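Enquirer: Below is one structure. I have some questions about it.
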Amino acid sequence: FLQIRMIKLDEWVGLGTHADGTCERYLMSNLINPLAIAENRYVSLDAETQDPSEECARMQLQLQKIGPIDLCILGLGKNGHLGFNEPASYLQPHCHLAKLTHSSQQHSMVTGSTDTPQYGMTLGIADILASGKIILLVTGEGKEKAKQNLLSGKINTQCPASFLWLHSDVDC
């Protein structure tokens with residue numbers, strides 16, 4: 001694990017870095033600290049940024065600098081989202097500020113928060129698809145429809161996870 005580099009896929013906007021439910025807190029508690037991943041080997045979106053669009057641009061530059069992701073581990077969202085790439089008429093290719101759907105705002109990570117996040121920062125669908133290998137985890141209740149849409153093999157922007165069919169090395 002001394003050689004591993006972690007890149008955070010997404011983060012809620014407006015919760016603060018150390019608030020319960022942030023992606024940062026989850027990763028620090030469950031991966032970064034237990035695996036003793038050095039700070040300089042962890043690329044993260046700043047949850048406390050005053051300018052999320054600028055933070056997304058900074059992250060995109062970091063991703064370009066270090067190259068594509070070798071192994072991308074994702075979870076399937078209840079509405080078919082990947083990260084905060086929400087169902088829409090158009091999917092953003094690169095790191096961006098995303099307006100969260102009601103479904104994402106009800107995510108178990110933030111249901112106990114005093115503030116409901118309206119936005120998230122996330123790597124884009126092209127950033128994800130540039131990964132060498134992708135592992136998609138499908139766990140939890142309420143994902144039956146998203147799973148059916150994904151497994152139909154029909155690629156459409158209303159199920160962002162369906163874009164994984166365009167990748168040559170995905171395990172689900």
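Ordering of the structure tokens sets the chain letters (A, B, ...); residue numbers start at 1 within each chain; ligands are numbered from 1 in the order shown.
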Considering only C-alpha atoms, return as a CSV table (one decimal) with all heavy atoms, in the first residue's frame whatever protein or nucleic-acid residues lie within 9 Å of Leu123 (chain A), sequence-local ones (same chain, fewer than 5 positions apart) excluded.

Expert:
```csv
chain,number,residue,atom,x,y,z
A,8,LYS,N,-10.1,10.6,-5.0
A,8,LYS,CA,-11.5,10.7,-4.5
A,8,LYS,C,-12.4,11.0,-5.7
A,8,LYS,O,-12.2,11.9,-6.5
A,8,LYS,CB,-11.7,11.7,-3.4
A,8,LYS,CG,-13.1,11.7,-2.9
A,8,LYS,CD,-13.4,12.6,-1.7
A,8,LYS,CE,-12.6,13.7,-1.3
A,8,LYS,NZ,-13.2,14.6,-0.3
A,9,LEU,N,-13.4,10.2,-5.9
A,9,LEU,CA,-14.4,10.3,-7.0
A,9,LEU,C,-15.3,11.5,-6.9
A,9,LEU,O,-15.5,12.2,-7.8
A,9,LEU,CB,-15.2,9.0,-7.1
A,9,LEU,CG,-16.3,9.0,-8.1
A,9,LEU,CD1,-15.8,9.0,-9.5
A,9,LEU,CD2,-17.3,7.8,-7.9
A,10,ASP,N,-15.8,11.7,-5.6
A,10,ASP,CA,-16.8,12.8,-5.5
A,10,ASP,C,-16.8,13.3,-4.1
A,10,ASP,O,-16.2,12.7,-3.2
A,10,ASP,CB,-18.2,12.3,-6.0
A,10,ASP,CG,-18.6,11.1,-5.2
A,10,ASP,OD1,-18.0,10.7,-4.2
A,10,ASP,OD2,-19.6,10.5,-5.6
A,56,CYS,N,-13.1,21.9,-9.0
A,56,CYS,CA,-13.3,20.9,-10.0
A,56,CYS,C,-12.2,21.0,-11.1
A,56,CYS,O,-11.6,20.0,-11.6
A,56,CYS,CB,-14.7,20.9,-10.7
A,56,CYS,SG,-16.0,20.4,-9.6
A,59,MET,N,-9.0,19.7,-9.7
A,59,MET,CA,-8.9,18.3,-9.6
A,59,MET,C,-8.7,17.7,-11.0
A,59,MET,O,-7.9,16.8,-11.2
A,59,MET,CB,-10.3,17.7,-9.1
A,59,MET,CG,-10.4,16.2,-9.1
A,59,MET,SD,-9.1,15.3,-8.2
A,59,MET,CE,-10.0,15.0,-6.7
A,60,GLN,N,-9.3,18.3,-12.1
A,60,GLN,CA,-9.1,17.9,-13.4
A,60,GLN,C,-7.6,18.0,-13.8
A,60,GLN,O,-7.1,17.1,-14.5
A,60,GLN,CB,-10.0,18.6,-14.4
A,60,GLN,CG,-10.1,18.0,-15.7
A,60,GLN,CD,-10.8,16.6,-15.7
A,60,GLN,OE1,-11.8,16.4,-15.0
A,60,GLN,NE2,-10.3,15.7,-16.4
A,83,GLY,N,-20.9,8.1,-9.0
A,83,GLY,CA,-20.4,9.3,-8.4
A,83,GLY,C,-21.6,10.2,-8.3
A,83,GLY,O,-22.7,9.8,-8.0
A,84,PHE,N,-21.4,11.4,-8.7
A,84,PHE,CA,-22.6,12.4,-8.8
A,84,PHE,C,-22.9,12.7,-10.2
A,84,PHE,O,-23.4,13.7,-10.6
A,84,PHE,CB,-22.3,13.7,-8.0
A,84,PHE,CG,-22.4,13.5,-6.5
A,84,PHE,CD1,-21.4,14.0,-5.7
A,84,PHE,CD2,-23.4,12.7,-5.9
A,84,PHE,CE1,-21.4,13.8,-4.3
A,84,PHE,CE2,-23.4,12.6,-4.5
A,84,PHE,CZ,-22.4,13.1,-3.7
A,85,ASN,N,-22.6,11.7,-11.1
A,85,ASN,CA,-23.0,11.8,-12.5
A,85,ASN,C,-24.5,11.4,-12.5
A,85,ASN,O,-24.8,10.2,-12.6
A,85,ASN,CB,-22.1,11.0,-13.4
A,85,ASN,CG,-20.7,11.5,-13.5
A,85,ASN,OD1,-20.5,12.5,-14.2
A,85,ASN,ND2,-19.8,11.0,-12.8
A,92,GLN,N,-21.6,15.1,-18.2
A,92,GLN,CA,-20.4,15.9,-18.3
A,92,GLN,C,-19.2,14.9,-18.4
A,92,GLN,O,-19.1,13.9,-17.7
A,92,GLN,CB,-20.2,16.7,-17.0
A,92,GLN,CG,-21.3,17.8,-16.8
A,92,GLN,CD,-21.1,18.9,-17.9
A,92,GLN,OE1,-20.0,19.3,-18.3
A,92,GLN,NE2,-22.2,19.4,-18.3
A,93,PRO,N,-18.3,15.2,-19.3
A,93,PRO,CA,-17.1,14.3,-19.4
A,93,PRO,C,-16.1,14.4,-18.3
A,93,PRO,O,-15.4,13.4,-18.0
A,93,PRO,CB,-16.5,14.7,-20.8
A,93,PRO,CG,-16.9,16.1,-21.0
A,93,PRO,CD,-18.3,16.3,-20.3
A,94,HIS,N,-15.9,15.6,-17.7
A,94,HIS,CA,-14.8,15.8,-16.8
A,94,HIS,C,-15.4,16.3,-15.4
A,94,HIS,O,-16.6,16.5,-15.3
A,94,HIS,CB,-13.8,16.7,-17.4
A,94,HIS,CG,-13.2,16.2,-18.6
A,94,HIS,ND1,-12.5,15.0,-18.7
A,94,HIS,CD2,-13.3,16.6,-19.9
A,94,HIS,CE1,-12.1,14.8,-19.9
A,94,HIS,NE2,-12.6,15.7,-20.7
A,95,CYS,N,-14.4,16.4,-14.5
A,95,CYS,CA,-14.8,16.9,-13.1
A,95,CYS,C,-15.7,18.1,-13.2
A,95,CYS,O,-15.4,19.1,-13.9
A,95,CYS,CB,-13.5,17.1,-12.3
A,95,CYS,SG,-13.8,17.3,-10.6
A,96,HIS,N,-16.8,18.1,-12.4
A,96,HIS,CA,-17.7,19.2,-12.5
A,96,HIS,C,-18.6,19.3,-11.3
A,96,HIS,O,-18.6,18.4,-10.4
A,96,HIS,CB,-18.7,19.0,-13.7
A,96,HIS,CG,-19.5,17.7,-13.7
A,96,HIS,ND1,-19.0,16.5,-14.0
A,96,HIS,CD2,-20.8,17.5,-13.3
A,96,HIS,CE1,-19.9,15.6,-13.8
A,96,HIS,NE2,-21.0,16.2,-13.4
A,128,ILE,N,-14.0,8.6,-15.7
A,128,ILE,CA,-14.3,7.2,-15.2
A,128,ILE,C,-13.9,6.2,-16.3
A,128,ILE,O,-13.2,5.2,-16.1
A,128,ILE,CB,-15.7,7.1,-14.7
A,128,ILE,CG1,-15.9,7.9,-13.5
A,128,ILE,CG2,-16.1,5.6,-14.5
A,128,ILE,CD1,-17.4,8.0,-13.0
```

Enquirer: Which residues in region 16-169 of chain A does DSSP call helix (DSSP H, G or I)? List them as a PyMOL selection string.

Expert: chain A and resi 23-32+39-41+52-66+102-105+125-129+144-151+160-166

Enquirer: Measuring between only C-alpha atoms, which one of A:Thr122, A:Ser152, A:Ser162, A:Asn40 shows the shortest distance to Met6 (chain A)?

Expert: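 Once distances to Met6 (chain A) are computed over only C-alpha atoms, the minimum belongs to A:Asn40.
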
Enquirer: Would you please work out which residue, of A:Val138, A:Leu100, A:Val43, A:Leu63, is nearest to Tyr119 (chain A) when using only C-alpha atoms?

Expert: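 Looking only at the distances to Tyr119 (chain A), the closest residue turns out to be A:Leu100.
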
Enquirer: Between A:Ser89, A:Thr157, A:Gln3, A:Ser131, which one has atoms that come closest to Ala36 (chain A), using only C-alpha atoms?

Expert: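 Using only C-alpha atoms, Ala36 (chain A) sits closest to A:Gln3.
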
Enquirer: Counting only C-alpha atoms, figure out which residue out of A:Ala47, A:Ile7, A:Leu35, A:Leu61 gets nearest to Gly21 (chain A).

Expert: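 Comparing A:Ala47, A:Ile7, A:Leu35, A:Leu61 against Gly21 (chain A), the winner is A:Ala47.
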
Enquirer: Pick the closest to Phe163 (chain A) from A:Gly132, A:Gly142, A:Pro34, A:Gly124: which is it, counting only C-alpha atoms?

Expert: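 With only C-alpha atoms as the atom set, the closest residue is A:Gly124.
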
Enquirer: Have a look at A:Ile69, A:Leu166, A:Leu76, A:Ala88 and name the one nearest to Asp127 (chain A); count only C-alpha atoms.

Expert: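 Between A:Ile69, A:Leu166, A:Leu76, A:Ala88, the residue approaching Asp127 (chain A) most closely is A:Ile69.
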
Enquirer: Could you tell me how far CA of Leu2 (chain A) lies from CA of Ala38 (chain A), in Å and to one decimal?

Expert: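 If I compute the distance from CA of Leu2 (chain A) to CA of Ala38 (chain A), I get 7.7 Å.
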
Enquirer: Can you pull out every residue from region 27-150 of chain A that DSSP, working from the backbone, puts in strand (DSSP E or B), and format the result as a PDB file with all heavy atoms, in the first residue's frame?

Expert:
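Okay, states_1.pdb is ready:
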```pdb
ATOM      1  N   TYR A  42      -2.708  10.954  -1.860  1.00  0.00           N
ATOM      2  CA  TYR A  42      -4.169  11.031  -1.824  1.00  0.00           C
ATOM      3  C   TYR A  42      -4.602  12.324  -2.485  1.00  0.00           C
ATOM      4  O   TYR A  42      -4.281  13.417  -2.034  1.00  0.00           O
ATOM      5  CB  TYR A  42      -4.655  10.970  -0.366  1.00  0.00           C
ATOM      6  CG  TYR A  42      -6.142  11.147  -0.183  1.00  0.00           C
ATOM      7  CD1 TYR A  42      -7.063  10.434  -0.934  1.00  0.00           C
ATOM      8  CD2 TYR A  42      -6.628  12.032   0.763  1.00  0.00           C
ATOM      9  CE1 TYR A  42      -8.423  10.601  -0.750  1.00  0.00           C
ATOM     10  CE2 TYR A  42      -7.993  12.206   0.957  1.00  0.00           C
ATOM     11  CZ  TYR A  42      -8.877  11.475   0.194  1.00  0.00           C
ATOM     12  OH  TYR A  42     -10.225  11.644   0.370  1.00  0.00           O
ATOM     13  N   VAL A  43      -5.337  12.200  -3.583  1.00  0.00           N
ATOM     14  CA  VAL A  43      -5.831  13.351  -4.335  1.00  0.00           C
ATOM     15  C   VAL A  43      -7.316  13.497  -4.015  1.00  0.00           C
ATOM     16  O   VAL A  43      -8.105  12.582  -4.261  1.00  0.00           O
ATOM     17  CB  VAL A  43      -5.617  13.158  -5.850  1.00  0.00           C
ATOM     18  CG1 VAL A  43      -6.117  14.372  -6.616  1.00  0.00           C
ATOM     19  CG2 VAL A  43      -4.153  12.877  -6.163  1.00  0.00           C
ATOM     20  N   LEU A  71      -7.403   1.604 -11.416  1.00  0.00           N
ATOM     21  CA  LEU A  71      -8.527   0.811 -10.963  1.00  0.00           C
ATOM     22  C   LEU A  71      -9.558   1.741 -10.341  1.00  0.00           C
ATOM     23  O   LEU A  71      -9.269   2.424  -9.365  1.00  0.00           O
ATOM     24  CB  LEU A  71      -8.078  -0.226  -9.907  1.00  0.00           C
ATOM     25  CG  LEU A  71      -9.180  -1.021  -9.215  1.00  0.00           C
ATOM     26  CD1 LEU A  71      -9.937  -1.889 -10.217  1.00  0.00           C
ATOM     27  CD2 LEU A  71      -8.589  -1.873  -8.101  1.00  0.00           C
ATOM     28  N   CYS A  72     -10.737   1.762 -10.911  1.00  0.00           N
ATOM     29  CA  CYS A  72     -11.813   2.627 -10.429  1.00  0.00           C
ATOM     30  C   CYS A  72     -12.887   1.736  -9.798  1.00  0.00           C
ATOM     31  O   CYS A  72     -13.438   0.862 -10.469  1.00  0.00           O
ATOM     32  CB  CYS A  72     -12.400   3.425 -11.591  1.00  0.00           C
ATOM     33  SG  CYS A  72     -13.652   4.621 -11.113  1.00  0.00           S
ATOM     34  N   ILE A  73     -13.141   1.959  -8.514  1.00  0.00           N
ATOM     35  CA  ILE A  73     -14.158   1.189  -7.800  1.00  0.00           C
ATOM     36  C   ILE A  73     -15.362   2.101  -7.577  1.00  0.00           C
ATOM     37  O   ILE A  73     -15.242   3.160  -6.968  1.00  0.00           O
ATOM     38  CB  ILE A  73     -13.616   0.644  -6.470  1.00  0.00           C
ATOM     39  CG1 ILE A  73     -12.382  -0.229  -6.739  1.00  0.00           C
ATOM     40  CG2 ILE A  73     -14.711  -0.135  -5.737  1.00  0.00           C
ATOM     41  CD1 ILE A  73     -11.663  -0.685  -5.503  1.00  0.00           C
ATOM     42  N   LEU A  74     -16.502   1.672  -8.102  1.00  0.00           N
ATOM     43  CA  LEU A  74     -17.722   2.477  -8.091  1.00  0.00           C
ATOM     44  C   LEU A  74     -18.857   1.725  -7.422  1.00  0.00           C
ATOM     45  O   LEU A  74     -18.842   0.498  -7.355  1.00  0.00           O
ATOM     46  CB  LEU A  74     -18.158   2.781  -9.530  1.00  0.00           C
ATOM     47  CG  LEU A  74     -17.173   3.484 -10.443  1.00  0.00           C
ATOM     48  CD1 LEU A  74     -17.629   3.380 -11.888  1.00  0.00           C
ATOM     49  CD2 LEU A  74     -17.023   4.927 -10.017  1.00  0.00           C
ATOM     50  N   GLY A  75     -19.851   2.477  -6.996  1.00  0.00           N
ATOM     51  CA  GLY A  75     -21.098   1.895  -6.533  1.00  0.00           C
ATOM     52  C   GLY A  75     -22.224   2.386  -7.424  1.00  0.00           C
ATOM     53  O   GLY A  75     -22.193   3.510  -7.923  1.00  0.00           O
ATOM     54  N   LEU A  82     -23.416   7.286 -11.209  1.00  0.00           N
ATOM     55  CA  LEU A  82     -22.053   6.898 -10.841  1.00  0.00           C
ATOM     56  C   LEU A  82     -21.397   8.139 -10.273  1.00  0.00           C
ATOM     57  O   LEU A  82     -21.323   9.162 -10.956  1.00  0.00           O
ATOM     58  CB  LEU A  82     -21.253   6.428 -12.061  1.00  0.00           C
ATOM     59  CG  LEU A  82     -21.732   5.170 -12.758  1.00  0.00           C
ATOM     60  CD1 LEU A  82     -20.904   4.924 -14.011  1.00  0.00           C
ATOM     61  CD2 LEU A  82     -21.666   3.962 -11.837  1.00  0.00           C
ATOM     62  N   ASN A  85     -22.594  11.735 -11.119  1.00  0.00           N
ATOM     63  CA  ASN A  85     -23.024  11.830 -12.512  1.00  0.00           C
ATOM     64  C   ASN A  85     -24.463  11.352 -12.537  1.00  0.00           C
ATOM     65  O   ASN A  85     -24.752  10.154 -12.605  1.00  0.00           O
ATOM     66  CB  ASN A  85     -22.127  10.970 -13.411  1.00  0.00           C
ATOM     67  CG  ASN A  85     -20.742  11.541 -13.527  1.00  0.00           C
ATOM     68  OD1 ASN A  85     -20.538  12.534 -14.217  1.00  0.00           O
ATOM     69  ND2 ASN A  85     -19.791  10.952 -12.811  1.00  0.00           N
ATOM     70  N   HIS A  96     -16.780  18.073 -12.446  1.00  0.00           N
ATOM     71  CA  HIS A  96     -17.749  19.172 -12.533  1.00  0.00           C
ATOM     72  C   HIS A  96     -18.589  19.270 -11.267  1.00  0.00           C
ATOM     73  O   HIS A  96     -18.614  18.362 -10.435  1.00  0.00           O
ATOM     74  CB  HIS A  96     -18.662  18.971 -13.746  1.00  0.00           C
ATOM     75  CG  HIS A  96     -19.487  17.718 -13.669  1.00  0.00           C
ATOM     76  ND1 HIS A  96     -18.975  16.467 -13.972  1.00  0.00           N
ATOM     77  CD2 HIS A  96     -20.776  17.515 -13.313  1.00  0.00           C
ATOM     78  CE1 HIS A  96     -19.919  15.561 -13.811  1.00  0.00           C
ATOM     79  NE2 HIS A  96     -21.019  16.165 -13.412  1.00  0.00           N
ATOM     80  N   LEU A  97     -19.276  20.373 -11.164  1.00  0.00           N
ATOM     81  CA  LEU A  97     -20.245  20.618 -10.111  1.00  0.00           C
ATOM     82  C   LEU A  97     -21.580  20.084 -10.610  1.00  0.00           C
ATOM     83  O   LEU A  97     -22.040  20.460 -11.689  1.00  0.00           O
ATOM     84  CB  LEU A  97     -20.338  22.118  -9.820  1.00  0.00           C
ATOM     85  CG  LEU A  97     -21.305  22.553  -8.733  1.00  0.00           C
ATOM     86  CD1 LEU A  97     -20.857  22.015  -7.377  1.00  0.00           C
ATOM     87  CD2 LEU A  97     -21.389  24.074  -8.702  1.00  0.00           C
ATOM     88  N   ALA A  98     -22.187  19.185  -9.838  1.00  0.00           N
ATOM     89  CA  ALA A  98     -23.420  18.533 -10.266  1.00  0.00           C
ATOM     90  C   ALA A  98     -24.579  18.921  -9.364  1.00  0.00           C
ATOM     91  O   ALA A  98     -24.456  18.898  -8.145  1.00  0.00           O
ATOM     92  CB  ALA A  98     -23.233  17.018 -10.240  1.00  0.00           C
ATOM     93  N   LYS A  99     -25.699  19.258  -9.964  1.00  0.00           N
ATOM     94  CA  LYS A  99     -26.949  19.464  -9.224  1.00  0.00           C
ATOM     95  C   LYS A  99     -27.471  18.084  -8.861  1.00  0.00           C
ATOM     96  O   LYS A  99     -27.648  17.225  -9.719  1.00  0.00           O
ATOM     97  CB  LYS A  99     -27.957  20.221 -10.099  1.00  0.00           C
ATOM     98  CG  LYS A  99     -29.329  20.347  -9.497  1.00  0.00           C
ATOM     99  CD  LYS A  99     -29.410  21.479  -8.516  1.00  0.00           C
ATOM    100  CE  LYS A  99     -30.844  21.718  -8.086  1.00  0.00           C
ATOM    101  NZ  LYS A  99     -31.029  21.689  -6.660  1.00  0.00           N
ATOM    102  N   TYR A 119     -25.712  20.199  -4.134  1.00  0.00           N
ATOM    103  CA  TYR A 119     -24.712  19.978  -5.179  1.00  0.00           C
ATOM    104  C   TYR A 119     -23.634  19.025  -4.702  1.00  0.00           C
ATOM    105  O   TYR A 119     -23.418  18.861  -3.499  1.00  0.00           O
ATOM    106  CB  TYR A 119     -24.047  21.305  -5.579  1.00  0.00           C
ATOM    107  CG  TYR A 119     -24.983  22.264  -6.240  1.00  0.00           C
ATOM    108  CD1 TYR A 119     -25.690  23.194  -5.497  1.00  0.00           C
ATOM    109  CD2 TYR A 119     -25.179  22.228  -7.620  1.00  0.00           C
ATOM    110  CE1 TYR A 119     -26.578  24.076  -6.106  1.00  0.00           C
ATOM    111  CE2 TYR A 119     -26.058  23.098  -8.231  1.00  0.00           C
ATOM    112  CZ  TYR A 119     -26.754  24.021  -7.479  1.00  0.00           C
ATOM    113  OH  TYR A 119     -27.628  24.887  -8.080  1.00  0.00           O
ATOM    114  N   GLY A 120     -22.962  18.431  -5.667  1.00  0.00           N
ATOM    115  CA  GLY A 120     -21.794  17.609  -5.401  1.00  0.00           C
ATOM    116  C   GLY A 120     -20.747  17.892  -6.453  1.00  0.00           C
ATOM    117  O   GLY A 120     -21.061  18.378  -7.547  1.00  0.00           O
ATOM    118  N   MET A 121     -19.505  17.619  -6.128  1.00  0.00           N
ATOM    119  CA  MET A 121     -18.416  17.689  -7.104  1.00  0.00           C
ATOM    120  C   MET A 121     -18.059  16.253  -7.454  1.00  0.00           C
ATOM    121  O   MET A 121     -18.012  15.390  -6.570  1.00  0.00           O
ATOM    122  CB  MET A 121     -17.199  18.389  -6.500  1.00  0.00           C
ATOM    123  CG  MET A 121     -17.432  19.841  -6.133  1.00  0.00           C
ATOM    124  SD  MET A 121     -15.977  20.607  -5.351  1.00  0.00           S
ATOM    125  CE  MET A 121     -16.032  19.862  -3.704  1.00  0.00           C
ATOM    126  N   THR A 122     -17.803  15.987  -8.727  1.00  0.00           N
ATOM    127  CA  THR A 122     -17.540  14.615  -9.146  1.00  0.00           C
ATOM    128  C   THR A 122     -16.669  14.549 -10.387  1.00  0.00           C
ATOM    129  O   THR A 122     -16.703  15.456 -11.226  1.00  0.00           O
ATOM    130  CB  THR A 122     -18.868  13.870  -9.408  1.00  0.00           C
ATOM    131  OG1 THR A 122     -18.596  12.491  -9.635  1.00  0.00           O
ATOM    132  CG2 THR A 122     -19.635  14.455 -10.570  1.00  0.00           C
ATOM    133  N   LYS A 133      -9.241  -0.364 -15.389  1.00  0.00           N
ATOM    134  CA  LYS A 133     -10.204  -1.390 -14.989  1.00  0.00           C
ATOM    135  C   LYS A 133     -11.240  -0.740 -14.086  1.00  0.00           C
ATOM    136  O   LYS A 133     -10.919   0.160 -13.319  1.00  0.00           O
ATOM    137  CB  LYS A 133      -9.517  -2.527 -14.243  1.00  0.00           C
ATOM    138  CG  LYS A 133     -10.492  -3.595 -13.764  1.00  0.00           C
ATOM    139  CD  LYS A 133      -9.791  -4.845 -13.318  1.00  0.00           C
ATOM    140  CE  LYS A 133     -10.764  -5.952 -12.979  1.00  0.00           C
ATOM    141  NZ  LYS A 133     -11.524  -6.446 -14.115  1.00  0.00           N
ATOM    142  N   ILE A 134     -12.463  -1.236 -14.175  1.00  0.00           N
ATOM    143  CA  ILE A 134     -13.550  -0.711 -13.346  1.00  0.00           C
ATOM    144  C   ILE A 134     -14.227  -1.876 -12.630  1.00  0.00           C
ATOM    145  O   ILE A 134     -14.505  -2.920 -13.237  1.00  0.00           O
ATOM    146  CB  ILE A 134     -14.584   0.056 -14.198  1.00  0.00           C
ATOM    147  CG1 ILE A 134     -13.932   1.273 -14.864  1.00  0.00           C
ATOM    148  CG2 ILE A 134     -15.780   0.483 -13.335  1.00  0.00           C
ATOM    149  CD1 ILE A 134     -14.815   1.997 -15.861  1.00  0.00           C
ATOM    150  N   ILE A 135     -14.478  -1.670 -11.342  1.00  0.00           N
ATOM    151  CA  ILE A 135     -15.271  -2.605 -10.556  1.00  0.00           C
ATOM    152  C   ILE A 135     -16.513  -1.854 -10.108  1.00  0.00           C
ATOM    153  O   ILE A 135     -16.411  -0.786  -9.503  1.00  0.00           O
ATOM    154  CB  ILE A 135     -14.488  -3.129  -9.341  1.00  0.00           C
ATOM    155  CG1 ILE A 135     -13.264  -3.926  -9.809  1.00  0.00           C
ATOM    156  CG2 ILE A 135     -15.391  -3.990  -8.459  1.00  0.00           C
ATOM    157  CD1 ILE A 135     -12.359  -4.377  -8.683  1.00  0.00           C
ATOM    158  N   LEU A 136     -17.677  -2.398 -10.426  1.00  0.00           N
ATOM    159  CA  LEU A 136     -18.945  -1.800 -10.029  1.00  0.00           C
ATOM    160  C   LEU A 136     -19.581  -2.668  -8.961  1.00  0.00           C
ATOM    161  O   LEU A 136     -19.839  -3.857  -9.177  1.00  0.00           O
ATOM    162  CB  LEU A 136     -19.900  -1.673 -11.224  1.00  0.00           C
ATOM    163  CG  LEU A 136     -21.284  -1.099 -10.895  1.00  0.00           C
ATOM    164  CD1 LEU A 136     -21.179   0.352 -10.443  1.00  0.00           C
ATOM    165  CD2 LEU A 136     -22.218  -1.239 -12.083  1.00  0.00           C
ATOM    166  N   LEU A 137     -19.819  -2.071  -7.797  1.00  0.00           N
ATOM    167  CA  LEU A 137     -20.478  -2.762  -6.693  1.00  0.00           C
ATOM    168  C   LEU A 137     -21.956  -2.399  -6.700  1.00  0.00           C
ATOM    169  O   LEU A 137     -22.304  -1.223  -6.806  1.00  0.00           O
ATOM    170  CB  LEU A 137     -19.845  -2.344  -5.361  1.00  0.00           C
ATOM    171  CG  LEU A 137     -18.328  -2.544  -5.262  1.00  0.00           C
ATOM    172  CD1 LEU A 137     -17.801  -1.939  -3.975  1.00  0.00           C
ATOM    173  CD2 LEU A 137     -17.975  -4.009  -5.374  1.00  0.00           C
TER     174      LEU A 137
END
```

Enquirer: Tell me, as a PyMOL selection string, which residues lie within 7 Å of Leu129 (chain A), counting only C-alpha atoms; anything in the same chain fewer than 3 positions away does not count.

Expert: chain A and resi 125-126+167

Enquirer: Residues as selected, all heavy atoms, written as a compact mmCIF listing (two decimals), in the first residue's frame, can you do that?

Expert:
```txt
# COMPACT_ATOMS: atom_id res chain seq x y z
N ILE A 125 -17.88 11.35 -16.53
CA ILE A 125 -18.03 10.03 -17.10
C ILE A 125 -16.84 9.65 -17.98
O ILE A 125 -16.40 8.49 -17.98
CB ILE A 125 -19.39 9.90 -17.86
CG1 ILE A 125 -19.81 8.43 -17.99
CG2 ILE A 125 -19.37 10.61 -19.17
CD1 ILE A 125 -20.31 7.83 -16.71
N ALA A 126 -16.25 10.61 -18.70
CA ALA A 126 -15.06 10.30 -19.51
C ALA A 126 -13.86 10.00 -18.61
O ALA A 126 -13.04 9.14 -18.95
CB ALA A 126 -14.74 11.47 -20.45
N HIS A 167 -16.86 0.36 -21.86
CA HIS A 167 -15.52 0.05 -21.34
C HIS A 167 -15.23 -1.43 -21.56
O HIS A 167 -16.11 -2.28 -21.44
CB HIS A 167 -15.46 0.40 -19.86
CG HIS A 167 -14.08 0.50 -19.32
ND1 HIS A 167 -13.34 -0.60 -18.98
CD2 HIS A 167 -13.29 1.58 -19.07
CE1 HIS A 167 -12.15 -0.21 -18.54
NE2 HIS A 167 -12.11 1.11 -18.59
```

Enquirer: Could you work out how far CA of Cys159 (chain A) lies from CA of Tyr90 (chain A), giving the answer in Å with one decimal?

Expert: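 Value for the CA of Tyr90 (chain A)-CA of Cys159 (chain A) distance: 11.0 Å.
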
Enquirer: What gap, in Å, lies between CA of Asp46 (chain A) and CA of Gln62 (chain A)?

Expert: 12.9 Å

Enquirer: Tell me, as a short mmCIF file (atom, residue, chain, number, x, y, z; two decimals) with N, CA, C and O atoms, in the first residue's frame, which residues lie within 10 Å of Leu150 (chain A), counting only C-alpha atoms; anything in the same chain fewer than 4 positions away does not count.

Expert:
```
data_model
loop_
_atom_site.label_atom_id
_atom_site.label_comp_id
_atom_site.auth_asym_id
_atom_site.auth_seq_id
_atom_site.Cartn_x
_atom_site.Cartn_y
_atom_site.Cartn_z
N LEU A 76 -23.21 1.54 -7.65
CA LEU A 76 -24.36 1.91 -8.45
C LEU A 76 -25.34 2.69 -7.59
O LEU A 76 -25.74 2.21 -6.52
N GLY A 80 -29.27 5.03 -10.88
CA GLY A 80 -28.34 4.68 -11.95
C GLY A 80 -27.13 5.58 -12.04
O GLY A 80 -26.34 5.47 -12.97
N GLU A 144 -33.12 -2.04 -7.62
CA GLU A 144 -33.58 -3.02 -8.60
C GLU A 144 -33.79 -2.40 -9.98
O GLU A 144 -33.36 -2.95 -10.99
N LYS A 145 -34.47 -1.25 -10.03
CA LYS A 145 -34.74 -0.61 -11.32
C LYS A 145 -33.44 -0.16 -11.98
O LYS A 145 -33.24 -0.36 -13.18
N ALA A 146 -32.53 0.44 -11.20
CA ALA A 146 -31.24 0.87 -11.75
C ALA A 146 -30.46 -0.33 -12.27
O ALA A 146 -29.84 -0.26 -13.34
N LYS A 154 -28.71 -1.22 -22.78
CA LYS A 154 -29.03 -0.01 -23.53
C LYS A 154 -28.31 1.18 -22.89
O LYS A 154 -28.52 1.46 -21.71
N ILE A 155 -27.48 1.84 -23.65
CA ILE A 155 -26.71 2.97 -23.15
C ILE A 155 -27.53 4.24 -23.31
O ILE A 155 -27.95 4.58 -24.42
N ASN A 156 -27.78 4.91 -22.18
CA ASN A 156 -28.50 6.18 -22.25
C ASN A 156 -28.16 7.04 -21.05
O ASN A 156 -27.76 6.52 -19.99
N CYS A 159 -29.45 6.65 -17.37
CA CYS A 159 -28.80 5.65 -16.51
C CYS A 159 -27.29 5.77 -16.76
O CYS A 159 -26.73 5.03 -17.56
N PRO A 160 -26.65 6.73 -16.09
CA PRO A 160 -25.22 6.94 -16.34
C PRO A 160 -24.37 5.67 -16.22
O PRO A 160 -23.40 5.50 -16.96
N ALA A 161 -24.76 4.74 -15.35
CA ALA A 161 -23.99 3.50 -15.21
C ALA A 161 -24.00 2.69 -16.50
O ALA A 161 -23.08 1.89 -16.74
N SER A 162 -25.00 2.90 -17.36
CA SER A 162 -25.06 2.16 -18.62
C SER A 162 -23.86 2.46 -19.52
O SER A 162 -23.51 1.66 -20.38
N PHE A 163 -23.20 3.58 -19.28
CA PHE A 163 -22.03 3.94 -20.08
C PHE A 163 -20.86 2.98 -19.81
O PHE A 163 -19.91 2.93 -20.59
N LEU A 164 -20.95 2.22 -18.75
CA LEU A 164 -19.90 1.23 -18.47
C LEU A 164 -19.85 0.15 -19.55
O LEU A 164 -18.82 -0.51 -19.71
N TRP A 165 -20.93 -0.01 -20.32
CA TRP A 165 -20.92 -0.95 -21.45
C TRP A 165 -19.90 -0.53 -22.50
O TRP A 165 -19.50 -1.36 -23.34
#
```
